[in-house]
Amino acid sequence: MNPVVPYDENAPMPEGLHPEVEQKTEELVNSAAEIGIEVVITEGFRSIERQNDLYERGRSAPGSIVTNARGGDSYHNYGLAVDFALRTPDGDVTWDMEYDGNGNGQSDWMEVVEIAKNLGFEWGGDWQHFRDYPHLQMNFGYSIHQLKRGQRPPASQ
Ligand SMILES: [Zn+2]
């Protein structure tokens with residue numbers, strides 16, 4: 001169940017979003033805009049250093065816990081995840097999952113999630129432990145274990 005994966009110590013850490021994740025994120029924003037929903041991408045690629053800072057929030061640093069992932073343990077660190085929120089007409093950013101800004105009787109949040117899933121994203125809100133509602137990722141079949149050992153999804157799938 002836990003295959004030994006060759007370790008490539010020279011594999012560079014990504015420095016931005018995987019091209020396909022970037023493209024699908026753009027498509028998500030555009031498709032949502034077409035139905036009157038303005039999506040804000042609040043996070044994309046995250047450096048190991050920033051991930052470690054986030055991990056300390058609610059632990060050694062003030063605030064409440066925002067992540068259970070240390071540097072290297074998040075798909076954000078490999079450019080394979082984005083977080084979203086919604087922008088309201090008055091310019092505010094909201095994480096309100098009930099918000100129905102386009103007035104079609106459905107939660108804008110869940111409409112965005114549906115579009116994202118159709119584009120091939122996995123939604124953090126479906127996870128059984130630590131549900132992460134703003135989180136969308138594409139793992140291309142790579143586990144964190146494989147990514148940590150230097151394996152990388154090719155740039156084009
Ligand atoms: Zn996330």
# chains A, B, ... in the order shown; residues from 1 in each chain; ligands from 1
call {"tool": "closest_atom_pairs", "arguments": {"of": "chain A", "to": "ligand 1", "cutoff": "6 Å", "atoms": "only C-alpha atoms and all ligand atoms", "output": "CSV"}}
result
residue,atom,partner,partner_atom_place_in_ligand_line,distance
A:Val82,CA,ligand 1,1 (Zn),5.6
A:Asp83,CA,ligand 1,1 (Zn),4.7
A:His135,CA,ligand 1,1 (Zn),4.0
call {"tool": "residues_around", "arguments": {"residues": "Ala116 (chain A)", "least_positions_apart": "5", "cutoff": "8 Å", "atoms": "only C-alpha atoms", "output": "mmCIF file with C-alpha atoms, in the first residue's frame"}}
result
data_model
loop_
_atom_site.group_PDB
_atom_site.id
_atom_site.type_symbol
_atom_site.label_atom_id
_atom_site.label_comp_id
_atom_site.auth_asym_id
_atom_site.auth_seq_id
_atom_site.Cartn_x
_atom_site.Cartn_y
_atom_site.Cartn_z
ATOM 1 C CA LEU A 28 -13.229 28.287 -13.733
ATOM 2 C CA PHE A 121 -10.668 19.593 -9.664
ATOM 3 C CA GLU A 122 -11.039 17.715 -6.411
ATOM 4 C CA TRP A 123 -12.849 19.777 -3.740
ATOM 5 C CA LEU A 136 -9.480 22.946 -5.078
#
call {"tool": "residues_around", "arguments": {"residues": "Ile115 (chain A)", "least_positions_apart": "2", "cutoff": "8 Å", "atoms": "only C-alpha atoms", "output": "VMD selection string"}}
result
chain A and resid 28 31 to 32 111 to 113 117 to 119
call {"tool": "closest_residue", "arguments": {"among": "A:Arg50, A:Ile37, A:Arg87, A:Ala81", "to": "Met110 (chain A)", "atoms": "only C-alpha atoms"}}
result
A:Ile37
call {"tool": "atom_distance", "arguments": {"atom1": "CA of Asn139 (chain A)", "atom2": "CA of Trp95 (chain A)"}}
result
24.1 Å
call {"tool": "select_by_dssp", "arguments": {"residues": "region 38-145 of chain A", "states": "alpha helix (DSSP H)", "output": "ChimeraX atom specification"}}
result
/A:48-56,108-118,144-145
call {"tool": "closest_atom_pairs", "arguments": {"of": "region 95-134 of chain A", "to": "region 52-71 of chain A", "cutoff": "12 Å", "atoms": "only C-alpha atoms", "output": "tab-separated table"}}
result
residue	atom	partner	partner_atom	distance
A:Gly124	CA	A:Thr67	CA	11.9
A:His129	CA	A:Asn68	CA	10.2
A:Phe130	CA	A:Asn68	CA	8.0
A:Arg131	CA	A:Thr67	CA	10.3
A:Asp132	CA	A:Thr67	CA	8.8
A:Tyr133	CA	A:Val66	CA	11.7
A:Pro134	CA	A:Val66	CA	11.6
call {"tool": "write_last_selection", "arguments": {"atoms": "N, CA and C atoms", "output": "PDB file, in the first residue's frame"}}
result
ATOM      1  N   GLY A 124     -11.866  20.277  -1.580  1.00  0.00           N
ATOM      2  CA  GLY A 124     -11.519  20.030  -0.176  1.00  0.00           C
ATOM      3  C   GLY A 124     -12.737  19.853   0.727  1.00  0.00           C
ATOM      4  N   HIS A 129     -11.796  14.330   6.729  1.00  0.00           N
ATOM      5  CA  HIS A 129     -11.123  14.963   7.857  1.00  0.00           C
ATOM      6  C   HIS A 129     -10.741  16.373   7.438  1.00  0.00           C
ATOM      7  N   PHE A 130     -10.865  17.323   8.308  1.00  0.00           N
ATOM      8  CA  PHE A 130     -10.488  18.710   8.042  1.00  0.00           C
ATOM      9  C   PHE A 130     -11.032  19.158   6.686  1.00  0.00           C
ATOM     10  N   ARG A 131     -12.327  19.295   6.595  1.00  0.00           N
ATOM     11  CA  ARG A 131     -12.939  19.788   5.354  1.00  0.00           C
ATOM     12  C   ARG A 131     -12.429  21.182   5.054  1.00  0.00           C
ATOM     13  N   ASP A 132     -11.983  21.367   3.820  1.00  0.00           N
ATOM     14  CA  ASP A 132     -11.339  22.620   3.432  1.00  0.00           C
ATOM     15  C   ASP A 132     -12.157  23.208   2.275  1.00  0.00           C
ATOM     16  N   TYR A 133     -13.177  23.993   2.644  1.00  0.00           N
ATOM     17  CA  TYR A 133     -14.187  24.414   1.664  1.00  0.00           C
ATOM     18  C   TYR A 133     -13.688  25.313   0.532  1.00  0.00           C
ATOM     19  N   PRO A 134     -12.688  26.172   0.765  1.00  0.00           N
ATOM     20  CA  PRO A 134     -12.216  26.997  -0.360  1.00  0.00           C
ATOM     21  C   PRO A 134     -11.216  26.283  -1.270  1.00  0.00           C
TER      22      PRO A 134
END
call {"tool": "closest_residue", "arguments": {"among": "A:Ser107, A:Gln137, A:Thr42, A:Thr25", "to": "Tyr78 (chain A)", "atoms": "only C-alpha atoms"}}
result
A:Gln137
call {"tool": "residues_around", "arguments": {"residues": "region 142-153 of chain A", "least_positions_apart": "6", "cutoff": "6 Å", "atoms": "only C-alpha atoms", "output": "list in words"}}
result
Tyr7, Asp8 and Ala11 of chain A
call {"tool": "write_last_selection", "arguments": {"atoms": "N, CA and C atoms", "output": "mmCIF file, in the first residue's frame"}}
result
data_model
loop_
_atom_site.group_PDB
_atom_site.id
_atom_site.type_symbol
_atom_site.label_atom_id
_atom_site.label_comp_id
_atom_site.auth_asym_id
_atom_site.auth_seq_id
_atom_site.Cartn_x
_atom_site.Cartn_y
_atom_site.Cartn_z
ATOM 1 N N TYR A 7 13.725 8.105 -4.965
ATOM 2 C CA TYR A 7 13.902 9.437 -4.415
ATOM 3 C C TYR A 7 14.817 10.245 -5.311
ATOM 4 N N ASP A 8 14.311 11.346 -5.811
ATOM 5 C CA ASP A 8 15.117 12.219 -6.646
ATOM 6 C C ASP A 8 15.410 13.484 -5.862
ATOM 7 N N ALA A 11 15.230 16.896 -7.675
ATOM 8 C CA ALA A 11 14.006 17.433 -8.273
ATOM 9 C C ALA A 11 13.736 18.824 -7.710
#
